[in-house]
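What's in my_file.csv: CSV, C-alpha atoms and all ligand atoms
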chain,number,residue,atom,x,y,z
A,1,MET,CA,3.0,-2.6,-21.5
A,2,LYS,CA,4.8,0.0,-19.3
A,3,VAL,CA,8.0,-0.8,-17.5
A,4,ILE,CA,9.3,1.2,-14.5
A,5,GLU,CA,12.7,0.6,-12.9
A,6,VAL,CA,13.1,0.9,-9.1
A,7,ASP,CA,16.7,2.1,-9.1
A,8,LEU,CA,18.5,0.6,-6.1
A,9,GLY,CA,21.8,-0.4,-7.6
A,10,LYS,CA,22.4,-4.1,-7.5
A,11,ARG,CA,18.9,-4.6,-6.0
A,12,SER,CA,17.1,-2.7,-8.8
A,13,TYR,CA,14.0,-4.3,-10.3
A,14,PRO,CA,11.3,-3.7,-12.9
A,15,ILE,CA,7.6,-3.1,-12.4
A,16,TYR,CA,5.6,-4.3,-15.4
A,17,ILE,CA,2.2,-2.7,-15.8
A,18,GLY,CA,-0.4,-3.8,-18.4
A,19,ASP,CA,-3.8,-5.3,-19.1
A,20,SER,CA,-2.6,-8.8,-20.0
A,21,ILE,CA,0.5,-9.4,-18.0
A,22,LEU,CA,-0.7,-12.7,-16.6
A,23,ALA,CA,-1.3,-14.0,-20.1
A,24,ASP,CA,2.2,-13.1,-21.2
A,25,LYS,CA,3.9,-16.4,-20.8
A,26,GLU,CA,7.2,-15.2,-22.2
A,27,LEU,CA,7.4,-12.3,-19.7
A,28,ILE,CA,6.5,-14.5,-16.7
A,29,ASP,CA,8.9,-17.3,-17.8
A,30,LYS,CA,11.7,-14.6,-17.9
A,31,GLN,CA,11.0,-13.6,-14.3
A,32,ILE,CA,11.1,-17.1,-12.9
A,33,THR,CA,14.8,-17.8,-12.4
A,34,SER,CA,14.5,-20.8,-10.1
A,35,HIS,CA,13.5,-24.5,-10.6
A,36,GLN,CA,11.9,-24.5,-7.1
A,37,VAL,CA,8.9,-22.1,-6.8
A,38,LEU,CA,6.3,-21.6,-4.1
A,39,VAL,CA,3.2,-19.6,-4.9
A,40,VAL,CA,1.5,-18.0,-1.9
A,41,THR,CA,-2.1,-16.7,-2.3
A,42,ASN,CA,-5.4,-16.8,-0.5
A,43,GLU,CA,-8.8,-18.5,-0.9
A,44,THR,CA,-10.5,-15.5,-2.6
A,45,ILE,CA,-7.8,-15.0,-5.2
A,46,ALA,CA,-6.9,-18.6,-5.9
A,47,PRO,CA,-10.1,-19.5,-7.8
A,48,LEU,CA,-9.8,-16.3,-9.9
A,49,TYR,CA,-6.2,-16.1,-10.9
A,50,LEU,CA,-4.0,-19.0,-9.6
A,51,LYS,CA,-4.5,-21.0,-12.8
A,52,SER,CA,-2.9,-18.3,-15.0
A,53,ILE,CA,0.2,-18.4,-12.8
A,54,VAL,CA,0.4,-22.2,-12.4
A,55,ASN,CA,0.1,-22.6,-16.2
A,56,ASN,CA,3.5,-21.0,-16.4
A,57,LEU,CA,5.1,-23.4,-14.0
A,58,ALA,CA,4.8,-26.7,-15.8
A,59,GLY,CA,8.1,-28.7,-15.6
A,60,LEU,CA,9.3,-26.9,-12.5
A,61,ASP,CA,9.3,-28.2,-8.9
A,62,TYR,CA,6.5,-26.0,-7.7
A,63,ASP,CA,3.9,-25.9,-5.0
A,64,VAL,CA,1.0,-23.6,-4.0
A,65,LEU,CA,0.0,-22.5,-0.5
A,66,VAL,CA,-3.6,-21.1,-0.2
A,67,LEU,CA,-4.1,-19.2,3.0
A,68,PRO,CA,-7.4,-17.9,4.5
A,69,ASP,CA,-8.4,-14.4,3.5
A,70,GLY,CA,-7.9,-11.5,5.9
A,71,GLU,CA,-5.5,-9.1,7.7
A,72,SER,CA,-5.5,-11.4,10.8
A,73,TYR,CA,-3.6,-14.0,8.6
A,74,LYS,CA,-0.7,-11.5,8.2
A,75,SER,CA,0.7,-13.3,11.2
A,76,LEU,CA,3.7,-15.2,12.6
A,77,ASP,CA,1.5,-18.3,12.4
A,78,CYS,CA,1.1,-18.0,8.7
A,79,PHE,CA,4.8,-17.1,8.4
A,80,ASN,CA,5.6,-20.4,10.0
A,81,GLN,CA,3.2,-22.3,7.7
A,82,ILE,CA,5.0,-21.0,4.7
A,83,ILE,CA,8.4,-21.7,6.1
A,84,SER,CA,7.2,-25.3,7.0
A,85,ARG,CA,6.0,-25.8,3.5
A,86,LEU,CA,9.4,-24.6,2.0
A,87,MET,CA,11.2,-27.0,4.3
A,88,GLU,CA,8.9,-30.0,3.6
A,89,LYS,CA,9.5,-29.4,-0.1
A,90,LYS,CA,13.3,-29.2,0.7
A,91,PHE,CA,13.5,-26.0,-1.2
A,92,ASN,CA,17.0,-24.4,-1.0
A,93,ARG,CA,18.5,-20.9,-1.1
A,94,THR,CA,17.9,-20.6,-4.8
A,95,CYS,CA,14.2,-21.2,-4.6
A,96,MET,CA,11.7,-18.4,-5.4
A,97,LEU,CA,8.4,-17.2,-3.9
A,98,ILE,CA,5.6,-15.7,-5.8
A,99,ALA,CA,3.1,-13.5,-3.8
A,100,LEU,CA,-0.2,-13.5,-5.7
A,101,GLY,CA,-2.6,-11.2,-3.9
A,102,GLY,CA,-3.2,-7.9,-2.1
A,103,GLY,CA,-1.0,-6.2,0.5
A,104,VAL,CA,-1.6,-8.9,3.1
A,105,ILE,CA,-0.2,-11.7,0.9
A,106,GLY,CA,2.5,-9.4,-0.5
A,107,ASP,CA,3.8,-8.2,2.9
A,108,LEU,CA,3.7,-11.7,4.4
A,109,THR,CA,5.3,-13.5,1.5
A,110,GLY,CA,8.0,-10.8,1.2
A,111,PHE,CA,8.8,-11.2,4.9
A,112,VAL,CA,9.2,-15.0,4.5
A,113,ALA,CA,11.4,-14.4,1.5
A,114,ALA,CA,13.6,-12.0,3.6
A,115,CYS,CA,14.0,-14.7,6.3
A,116,TYR,CA,14.0,-18.1,4.6
A,117,GLN,CA,17.7,-19.3,4.6
A,118,ARG,CA,18.6,-15.6,5.2
A,119,GLY,CA,16.9,-14.4,2.0
A,120,VAL,CA,15.5,-15.9,-1.2
A,121,LYS,CA,14.1,-14.2,-4.3
A,122,PHE,CA,10.4,-13.3,-4.6
A,123,ILE,CA,8.1,-11.8,-7.2
A,124,GLN,CA,5.1,-9.6,-6.4
A,125,ILE,CA,1.9,-10.1,-8.4
A,126,PRO,CA,-0.3,-7.6,-6.8
A,127,THR,CA,-4.1,-8.0,-7.3
A,128,THR,CA,-5.6,-5.0,-5.5
A,129,LEU,CA,-5.2,-1.4,-6.6
A,130,LEU,CA,-3.6,-0.6,-3.3
A,131,ALA,CA,-1.0,-3.3,-3.8
A,132,GLN,CA,-0.4,-2.3,-7.4
A,133,VAL,CA,0.3,1.4,-6.6
A,134,ASP,CA,1.9,1.0,-3.2
A,135,SER,CA,2.5,-2.1,-1.1
A,136,SER,CA,4.2,-4.3,-3.8
A,137,VAL,CA,6.8,-1.6,-4.5
A,138,GLY,CA,9.5,-0.5,-2.2
A,139,GLY,CA,10.3,-3.6,-0.1
A,140,LYS,CA,8.5,-3.0,3.1
A,141,THR,CA,7.6,-6.5,4.3
A,142,ALA,CA,6.0,-7.4,7.6
A,143,VAL,CA,3.6,-9.4,9.7
A,144,ASN,CA,1.4,-8.1,12.6
A,145,HIS,CA,1.9,-8.8,16.3
A,146,PRO,CA,-1.2,-9.0,18.5
A,147,LEU,CA,0.0,-5.8,20.1
A,148,GLY,CA,0.7,-3.9,16.9
A,149,LYS,CA,0.4,-3.8,13.1
A,150,ASN,CA,3.5,-4.4,11.0
A,151,MET,CA,5.6,-4.7,14.1
A,152,ILE,CA,7.8,-7.6,12.8
A,153,GLY,CA,9.3,-7.0,9.4
A,154,ALA,CA,12.2,-6.2,7.1
A,155,PHE,CA,13.1,-4.0,4.2
A,156,TYR,CA,13.5,-6.6,1.4
A,157,GLN,CA,13.0,-5.8,-2.2
A,158,PRO,CA,11.3,-8.2,-4.7
A,159,SER,CA,13.0,-9.1,-8.0
A,160,ALA,CA,10.1,-8.0,-10.1
A,161,VAL,CA,6.5,-6.6,-9.8
A,162,LEU,CA,3.9,-7.7,-12.3
A,163,ALA,CA,0.8,-5.5,-12.2
A,164,ASP,CA,-2.0,-6.7,-14.4
A,165,THR,CA,-4.9,-4.3,-14.5
A,166,SER,CA,-7.4,-6.9,-15.8
A,167,VAL,CA,-7.4,-8.5,-12.3
A,168,LEU,CA,-8.9,-5.3,-10.8
A,169,SER,CA,-12.2,-6.1,-12.6
A,170,SER,CA,-13.1,-8.5,-9.7
A,171,LEU,CA,-12.1,-6.1,-6.9
A,172,PRO,CA,-15.0,-4.9,-4.7
A,173,ASP,CA,-15.8,-1.2,-5.0
A,174,ARG,CA,-14.8,-0.3,-1.5
A,175,GLU,CA,-11.4,-2.0,-2.0
A,176,PHE,CA,-10.9,-0.1,-5.2
A,177,SER,CA,-11.6,3.3,-3.5
A,178,ALA,CA,-9.2,2.4,-0.7
A,179,GLY,CA,-6.5,2.0,-3.3
A,180,LEU,CA,-7.5,5.4,-4.8
A,181,ALA,CA,-6.6,7.0,-1.4
A,182,GLU,CA,-3.0,6.0,-1.9
A,183,VAL,CA,-3.1,7.2,-5.5
A,184,ILE,CA,-4.4,10.7,-4.5
A,185,LYS,CA,-1.6,10.7,-1.8
A,186,TYR,CA,1.1,10.8,-4.5
A,187,GLY,CA,-0.5,13.8,-6.2
A,188,LEU,CA,-0.8,15.6,-2.8
A,189,ILE,CA,2.7,15.0,-1.6
A,190,ARG,CA,4.8,15.5,-4.7
A,191,ASP,CA,3.0,15.5,-8.1
A,192,ARG,CA,0.6,18.4,-8.6
A,193,GLU,CA,0.2,17.7,-12.3
A,194,PHE,CA,-1.0,14.2,-11.5
A,195,TYR,CA,-3.3,15.6,-8.8
A,196,GLU,CA,-4.9,17.8,-11.5
A,197,TRP,CA,-5.1,14.9,-13.9
A,198,LEU,CA,-7.0,12.9,-11.1
A,199,GLU,CA,-9.4,15.8,-10.7
A,200,ASN,CA,-10.2,15.7,-14.4
A,201,ASN,CA,-10.3,11.9,-14.7
A,202,ILE,CA,-11.6,10.5,-11.4
A,203,ASP,CA,-15.0,9.5,-12.8
A,204,LEU,CA,-13.3,7.5,-15.6
A,205,LEU,CA,-11.0,5.9,-13.0
A,206,ILE,CA,-13.9,4.9,-10.8
A,207,GLN,CA,-15.4,3.2,-13.8
A,208,ARG,CA,-12.1,1.3,-14.1
A,209,ASP,CA,-11.4,2.5,-17.6
A,210,ASN,CA,-8.3,0.6,-18.6
A,211,LYS,CA,-6.3,3.4,-20.1
A,212,ALA,CA,-6.9,5.6,-17.0
A,213,LEU,CA,-6.0,2.7,-14.8
A,214,ILE,CA,-2.7,2.0,-16.5
A,215,TYR,CA,-1.8,5.7,-16.4
A,216,THR,CA,-2.7,5.9,-12.7
A,217,ILE,CA,-0.7,2.9,-11.7
A,218,GLU,CA,2.3,4.0,-13.9
A,219,ARG,CA,2.3,7.5,-12.4
A,220,SER,CA,1.9,6.2,-8.9
A,221,CYS,CA,4.7,3.7,-9.3
A,222,ILE,CA,7.0,6.3,-10.8
A,223,ASN,CA,6.4,8.5,-7.8
A,224,LYS,CA,6.9,5.6,-5.3
A,225,ALA,CA,10.0,4.3,-7.1
A,226,GLU,CA,11.6,7.8,-7.0
A,227,VAL,CA,11.0,8.2,-3.3
A,228,VAL,CA,12.2,4.7,-2.5
A,229,ALA,CA,15.4,5.2,-4.6
A,230,GLN,CA,16.2,8.3,-2.6
A,231,ASP,CA,15.4,6.9,0.8
A,232,GLU,CA,14.9,3.1,0.9
A,233,ARG,CA,14.9,2.8,4.7
A,234,GLU,CA,12.8,5.8,5.6
A,235,SER,CA,15.3,8.1,7.2
A,236,GLY,CA,13.8,11.1,5.5
A,237,VAL,CA,11.7,11.8,2.5
A,238,ARG,CA,10.1,8.3,2.4
A,239,ALA,CA,8.1,9.3,5.5
A,240,THR,CA,6.0,11.7,3.3
A,241,LEU,CA,4.5,8.5,1.8
A,242,ASN,CA,2.7,8.3,5.2
A,243,LEU,CA,0.6,11.4,4.6
A,244,GLY,CA,-2.7,10.9,6.4
A,245,HIS,CA,-1.4,7.6,8.0
A,246,THR,CA,-0.9,8.9,11.6
A,247,PHE,CA,-4.6,10.1,11.7
A,248,GLY,CA,-5.6,7.0,9.7
A,249,HIS,CA,-3.8,4.5,12.0
A,250,ALA,CA,-5.4,6.2,15.1
A,251,ILE,CA,-8.8,5.7,13.5
A,252,GLU,CA,-8.0,2.1,12.6
A,253,THR,CA,-6.7,1.3,16.0
A,254,GLY,CA,-9.8,2.9,17.6
A,255,LEU,CA,-12.0,0.7,15.5
A,256,SER,CA,-9.9,-2.4,16.3
A,257,TYR,CA,-9.2,-2.7,12.5
A,258,LYS,CA,-12.9,-3.4,11.9
A,259,HIS,CA,-15.5,-1.3,9.9
A,260,TRP,CA,-13.0,0.7,7.8
A,261,LEU,CA,-10.4,-0.4,5.3
A,262,HIS,CA,-6.9,1.0,5.7
A,263,GLY,CA,-7.3,3.2,2.5
A,264,GLU,CA,-10.5,4.6,3.8
A,265,ALA,CA,-8.8,5.7,7.1
A,266,VAL,CA,-5.9,7.1,5.1
A,267,GLY,CA,-8.3,9.1,2.9
A,268,CYS,CA,-10.0,10.7,5.9
A,269,GLY,CA,-6.5,11.1,7.5
A,270,MET,CA,-5.2,13.0,4.5
A,271,LEU,CA,-8.1,15.5,4.7
A,272,MET,CA,-7.4,15.9,8.4
A,273,ALA,CA,-3.7,16.6,7.6
A,274,ALA,CA,-4.8,19.2,5.1
A,275,ASP,CA,-7.2,20.8,7.6
A,276,LEU,CA,-4.4,21.0,10.2
A,277,SER,CA,-2.1,22.5,7.6
A,278,MET,CA,-4.7,25.2,6.9
A,279,ARG,CA,-5.1,25.9,10.7
A,280,LEU,CA,-1.3,26.4,10.8
A,281,GLY,CA,-1.4,28.8,7.8
A,282,LEU,CA,0.3,26.4,5.4
A,283,LEU,CA,-2.6,25.8,3.1
A,284,GLU,CA,-5.7,27.8,2.0
A,285,GLN,CA,-9.2,26.8,2.9
A,286,GLU,CA,-10.0,26.6,-0.8
A,287,GLN,CA,-7.2,24.0,-1.2
A,288,VAL,CA,-8.7,21.9,1.7
A,289,ASP,CA,-12.1,22.1,0.0
A,290,ARG,CA,-10.6,21.0,-3.3
A,291,ILE,CA,-9.1,17.9,-1.6
A,292,LYS,CA,-12.4,17.1,0.1
A,293,ARG,CA,-14.2,17.3,-3.3
A,294,LEU,CA,-11.8,14.8,-4.8
A,295,LEU,CA,-12.0,12.4,-1.9
A,296,VAL,CA,-15.8,12.5,-2.1
A,297,ARG,CA,-15.7,11.7,-5.8
A,298,ALA,CA,-13.3,8.8,-5.0
A,299,LYS,CA,-16.0,7.5,-2.6
A,300,LEU,CA,-13.8,7.9,0.4
A,301,PRO,CA,-15.1,8.9,3.9
A,302,ILE,CA,-14.5,12.5,5.0
A,303,LYS,CA,-15.6,12.3,8.6
A,304,ILE,CA,-14.1,10.1,11.4
A,305,HIS,CA,-16.2,7.0,12.1
A,306,LYS,CA,-18.8,7.7,14.7
A,307,ASP,CA,-17.4,5.2,17.3
A,308,ILE,CA,-14.2,7.3,17.8
A,309,LYS,CA,-13.7,9.9,20.5
A,310,LEU,CA,-11.2,12.8,20.7
A,311,LYS,CA,-9.2,11.4,23.7
A,312,GLN,CA,-8.9,8.1,21.9
A,313,MET,CA,-7.6,9.8,18.7
A,314,LEU,CA,-5.0,11.8,20.6
A,315,GLU,CA,-3.8,8.7,22.5
A,316,ASN,CA,-3.7,6.5,19.5
A,317,MET,CA,-1.7,9.1,17.5
A,318,LYS,CA,1.0,9.2,20.1
A,319,VAL,CA,2.1,5.6,19.5
A,320,ASP,CA,2.7,6.3,15.8
A,321,LYS,CA,6.0,5.0,14.4
A,322,LYS,CA,6.9,8.6,13.5
A,323,SER,CA,7.1,9.5,17.2
A,324,ARG,CA,10.7,10.2,18.2
A,325,ASP,CA,11.8,11.0,21.8
A,326,GLY,CA,8.1,11.6,22.7
A,327,ILE,CA,7.6,14.1,19.8
A,328,LEU,CA,5.1,13.2,17.2
A,329,TYR,CA,6.1,14.4,13.7
A,330,LEU,CA,3.3,14.8,11.2
A,331,ILE,CA,3.3,14.9,7.4
A,332,LEU,CA,1.5,18.1,6.5
A,333,LEU,CA,0.9,20.0,3.2
A,334,SER,CA,2.4,23.4,2.3
A,335,ASP,CA,0.7,23.2,-1.1
A,336,ILE,CA,-1.1,20.7,-3.3
A,337,GLY,CA,1.9,18.7,-4.5
A,338,GLN,CA,4.2,19.7,-1.6
A,339,ALA,CA,4.5,17.8,1.7
A,340,THR,CA,6.4,18.8,4.8
A,341,ILE,CA,7.5,16.7,7.8
A,342,THR,CA,7.0,18.8,11.0
A,343,ALA,CA,6.5,18.8,14.7
A,344,ASP,CA,5.8,22.5,14.6
A,345,TYR,CA,2.1,22.5,15.4
A,346,THR,CA,0.1,23.2,18.6
A,347,GLU,CA,-1.9,20.7,20.6
A,348,GLN,CA,-4.8,23.2,20.3
A,349,ALA,CA,-4.7,23.2,16.5
A,350,LEU,CA,-4.5,19.4,16.4
A,351,THR,CA,-7.5,19.2,18.8
A,352,GLU,CA,-9.5,21.6,16.7
A,353,THR,CA,-8.8,19.5,13.6
A,354,ILE,CA,-9.9,16.3,15.3
A,355,ASN,CA,-13.0,17.9,16.7
A,356,HIS,CA,-13.9,19.2,13.3
A,357,PHE,CA,-13.9,15.7,11.9
A,358,LEU,CA,-15.7,13.9,14.7
A,359,GLU,CA,-19.3,13.0,13.8
A,401,LIG,P1,-5.8,-7.3,1.2
A,401,LIG,O1,-4.6,-7.9,0.8
A,401,LIG,O2,-6.5,-7.7,2.4
A,401,LIG,O3,-6.9,-7.4,0.0
A,401,LIG,C1,-8.2,-6.8,0.1
A,401,LIG,C2,-9.3,-7.8,-0.2
A,401,LIG,O4,-9.4,-8.0,-1.6
A,401,LIG,C3,-9.0,-9.2,0.4
A,401,LIG,O5,-10.2,-9.8,0.8
A,401,LIG,C4,-8.5,-9.9,-0.8
A,401,LIG,O6,-8.7,-11.3,-0.8
A,401,LIG,C5,-9.3,-9.3,-1.9
A,401,LIG,N1,-8.7,-9.4,-3.3
A,401,LIG,C6,-7.5,-9.1,-3.6
A,401,LIG,N2,-7.3,-9.1,-4.9
A,401,LIG,C7,-8.6,-9.3,-5.4
A,401,LIG,C8,-9.1,-9.3,-6.8
A,401,LIG,N3,-8.3,-9.1,-7.8
A,401,LIG,N4,-10.4,-9.5,-6.9
A,401,LIG,C9,-11.2,-9.7,-5.8
A,401,LIG,N5,-10.8,-9.7,-4.6
A,401,LIG,C10,-9.5,-9.4,-4.4
A,401,LIG,O7,-5.7,-5.7,1.3
A,401,LIG,P2,-4.8,-4.6,0.5
A,401,LIG,O8,-5.6,-3.4,0.7
A,401,LIG,O9,-4.4,-5.1,-0.8
A,401,LIG,O10,-3.5,-4.5,1.4
A,401,LIG,C11,-3.6,-4.1,2.8
A,401,LIG,C12,-2.3,-4.5,3.5
A,401,LIG,O11,-1.2,-3.9,2.8
A,401,LIG,C13,-2.2,-4.2,4.9
A,401,LIG,O12,-1.8,-5.3,5.6
A,401,LIG,C14,-1.2,-3.0,5.0
A,401,LIG,O13,-0.5,-3.0,6.2
A,401,LIG,C15,-0.3,-3.4,3.8
A,401,LIG,N6,0.4,-2.3,3.2
A,401,LIG,C16,1.7,-2.4,3.0
A,401,LIG,C17,2.4,-1.4,2.4
A,401,LIG,C18,3.9,-1.6,2.1
A,401,LIG,O14,4.5,-0.7,1.7
A,401,LIG,N7,4.4,-2.8,2.2
A,401,LIG,C19,1.8,-0.3,2.0
A,401,LIG,C20,0.4,-0.1,2.2
A,401,LIG,C21,-0.3,-1.1,2.8
A,402,LIG,N1,3.6,2.7,2.1
A,402,LIG,C1,4.6,3.5,2.6
A,402,LIG,C2,6.0,3.1,2.2
A,402,LIG,O1,6.1,2.2,1.5
A,402,LIG,O2,6.9,3.7,2.7
Now that the file is in, can you turn its structure into structure tokens?
Ligand code: NAD
Ligand code: GLY
Amino acid sequence: MKVIEVDLGKRSYPIYIGDSILADKELIDKQITSHQVLVVTNETIAPLYLKSIVNNLAGLDYDVLVLPDGESYKSLDCFNQIISRLMEKKFNRTCMLIALGGGVIGDLTGFVAACYQRGVKFIQIPTTLLAQVDSSVGGKTAVNHPLGKNMIGAFYQPSAVLADTSVLSSLPDREFSAGLAEVIKYGLIRDREFYEWLENNIDLLIQRDNKALIYTIERSCINKAEVVAQDERESGVRATLNLGHTFGHAIETGLSYKHWLHGEAVGCGMLMAADLSMRLGLLEQEQVDRIKRLLVRAKLPIKIHKDIKLKQMLENMKVDKKSRDGILYLILLSDIGQATITADYTEQALTETINHFLE
């Protein structure tokens, strides 16, 4: 088992990574520091993994809330359902929440934990690759508003993250590749050596080789933990974790969050960021081609979905959270392993990049 510490002073916490974490009764017992526990999960994950969690809760005052599956349930309505259950159970400020699921369950449960009685403890048990390498770490919690994704939320750190690679065996292939986009992101923005390792091992990783998976999750979490420790509330370097996201969000919005997974849009968005970097003289064409080859091997899309048009992309990009005073800052690359945050690009270069990626 690997253990990584997210170093945030009094709010520091461990990330445990291994292939039999959920079977490790002693480890799980140690994390549950309350007598009152609510497990939040969804109807896809519950039949697969809920039992292994509940087995550890005998003797405690615990309950389980199983929500429907989907991004549309990362909502204020489900937030209310969880709060109601906590109140019906008469759970107090020392209760604990357990998020068992992907980023949707993790973000939603974390936000409830931030708000219930002004904050209660919660544990993340991420069950998708994306959640194990990204969303469960760093304390961004949120629900969606009908007018925008992640618009209601808080920075609120978990007390532990338990990433068990064995649960990834049931993850659909597309979901797995979507998680790989966030993995590749760490290599591109700050860890060239890891990027090169990914180039040498992506085929093993796609086959979900356990040793490769553990190394990948560990290295990703080390990178994320370092960035979060430096800039928890995203006033600087944390924004680099959004490489490809401005392009990606514009694609997702244009598709009304249908057809493509978030990681798929981010994968294509990272290549677009690399292409724009090349047009601005920051990156070589050969480096862009190298990134493209890795994304293809990770089974991620490298062209914008056919339903999206140039005007729509440009408009959608302008409402990005990284817009300040009407200026859109982009995360670009000055090398493989080196990100830069800049507004120093021309509308013409941006348009050329988008056009290059339109079907
Ligand atoms: P998700 O939670 O919707 O999970 C994807 C699908 O996989 C769902 O259908 C889910 O039920 C299913 N699933 C989960 N684990 C499974 C398993 N082990 N076996 C089989 N099926 C399984 O999506 P996600 O990609 O995990 O997360 C996306 C969400 O995360 C978005 O809402 C996004 O905004 C958020 N996010 C948050 C952060 C952050 O820092 N907080 C970072 C990135 C993304
Ligand atoms: N997923 C981006 C961040 O946590 O900042």
field: All residues having an atom within 10 Å of ligand LIG 402 (chain A) (all atoms listed in the file) as a list in words
entry: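 After applying the 10 Å limit, what remains is Leu130, Ala131, Val133, Asp134, Ser135, Ser136, Val137, Gly138, Gly139, Lys140, Thr141, Phe155, Glu182, Lys224, Ala225, Val227, Val228, Asp231, Glu232, Arg233, Glu234, Val237, Arg238, Ala239, Thr240, Leu241, Asn242, Leu243 and His245 of chain A.
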- prompt: What lies within 9 Å of stretch 39-48 of chain A using all atoms listed in the file, ignoring chain neighbours under 2 positions off, as a list in words?
  reply: Val37, Leu50, Lys51, Ser52, Ile53, Val54, Tyr62, Asp63, Val64, Leu65, Val66, Leu67, Pro68, Asp69, Gly70, Ile82, Met96, Leu97, Ile98, Ala99, Leu100, Gly101, Gly102, Ile105, Gly106, Thr109, Thr127, Val167 and Ser170 of chain A
Using only the atoms of stretch 259-267 of chain A listed in the file, plus 8 Å on each side, state the axis-aligned box centre and edge lengths in Å rounded to one decimal, as JSON.
{"center_x": -10.7, "center_y": 3.9, "center_z": 6.2, "size_x": 25.6, "size_y": 26.4, "size_z": 23.4}
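Nearest to A:Gln31 of all the residues A:Ala250, A:Leu57, A:Ile123, A:Leu168 is A:Ile123, based on only C-alpha atoms.
Relative to atom CA of A:Tyr345, atom CA of A:Leu314 is found at 13.9 Å.
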task: Considering only C-alpha atoms, state which residue in the set A:Cys78, A:Val183, A:Ile331, A:Leu271 is at the smallest distance from A:Ile222.
output: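 For A:Ile222, the nearest of the given residues is A:Val183.
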field: Non-local contacts of A:Leu180 (7 Å; all atoms listed in the file; under 4 positions in same chain excluded) as a PyMOL selection string
entry: chain A and resi 176+184+298
task: Compare A:Gly263, A:Leu8, A:Ser34, A:Ile341 by their minimum atom-to-atom distance to A:Gly236, counting only C-alpha atoms, and give me the closest one.
output: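 Comparing A:Gly263, A:Leu8, A:Ser34, A:Ile341 against A:Gly236, the winner is A:Ile341.
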query: What is the atom CA of A:Asp335 to atom CA of A:Val288 distance in Å?
result: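 Taking atom CA of A:Asp335 and atom CA of A:Val288, their separation equals 9.9 Å.
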